[in-house]
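Novice: Next up is a structure, given as structure tokens.
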Amino acid sequence: MLTDLIKCEIFLVPQASQEEISDLIKREEITHLANTRFALGEISFQDYLDCLEVAGVCIDEYLPVIDTNCRLAGF
């Protein structure tokens, strides 16, 4: 349940080059691994956010979305 609430999605645009697609796949792998490790309690929330930043996630946009998701789920 937690992994669904905090997951981060990286979208592919149709005109992406092979290099851009490869980069997006790497970023998706980083966010997925961070999500899994955080949900299992293996990394701290700060480490989780650091991983997302490495993957190019805008934390300032991400956190309000997660806050909303958690509130709607009753957390």
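Letters for chains follow the order of the structure tokens (A, B, ...), residue numbers begin at 1 for each chain, and ligand numbers begin at 1 in the order shown.
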With the cut-off set at 9 Å and counting only C-alpha atoms, tabulate each residue of segment 16-37 of chain A with an atom at most that distance from an atom of segment 47-67 of chain A, showing the nearest atom pair and its distance in Å to one decimal, ordered by chain and increasing number, as a tab-separated table.
Specialist:
residue	atom	partner	partner_atom	distance
A:Leu24	CA	A:Ala55	CA	8.7
A:Lys26	CA	A:Ala55	CA	7.9
A:Arg27	CA	A:Ala55	CA	4.7
A:Glu28	CA	A:Ala55	CA	7.5
A:Glu29	CA	A:Ala55	CA	8.8
A:Ile30	CA	A:Ala55	CA	6.3
A:Thr31	CA	A:Leu52	CA	5.8
A:Ala34	CA	A:Tyr48	CA	5.6
A:Asn35	CA	A:Tyr48	CA	7.1
A:Arg37	CA	A:Tyr48	CA	8.2
Novice: Save the residues we just selected, C-alpha atoms, as a JSON list (two decimals), in the first residue's frame?
Specialist:
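The resulting file, result_15.json, is reproduced below:
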[["chain", "number", "residue", "atom", "x", "y", "z"],
["A", 24, "LEU", "CA", 14.45, 7.43, -18.56],
["A", 26, "LYS", "CA", 17.68, 4.27, -15.58],
["A", 27, "ARG", "CA", 15.75, 7.00, -13.76],
["A", 28, "GLU", "CA", 12.72, 4.72, -13.42],
["A", 29, "GLU", "CA", 14.92, 1.95, -12.01],
["A", 30, "ILE", "CA", 16.37, 4.34, -9.41],
["A", 31, "THR", "CA", 12.93, 5.54, -8.30],
["A", 34, "ALA", "CA", 14.26, 3.68, -3.75],
["A", 35, "ASN", "CA", 10.50, 3.22, -3.35],
["A", 37, "ARG", "CA", 13.77, 0.09, -0.06]]
Novice: Give the helix (DSSP H, G or I) residues of chain A, as assigned by DSSP on the backbone, as an NGL selection string.
Specialist: :A and (2-6 or 18-39 or 45-54 or 59-72)
Novice: Between atom CA of Phe75 of chain A and atom CA of His32 of chain A, what distance in Å does the model show, to one decimal?
Specialist: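 The value is 21.7 Å.
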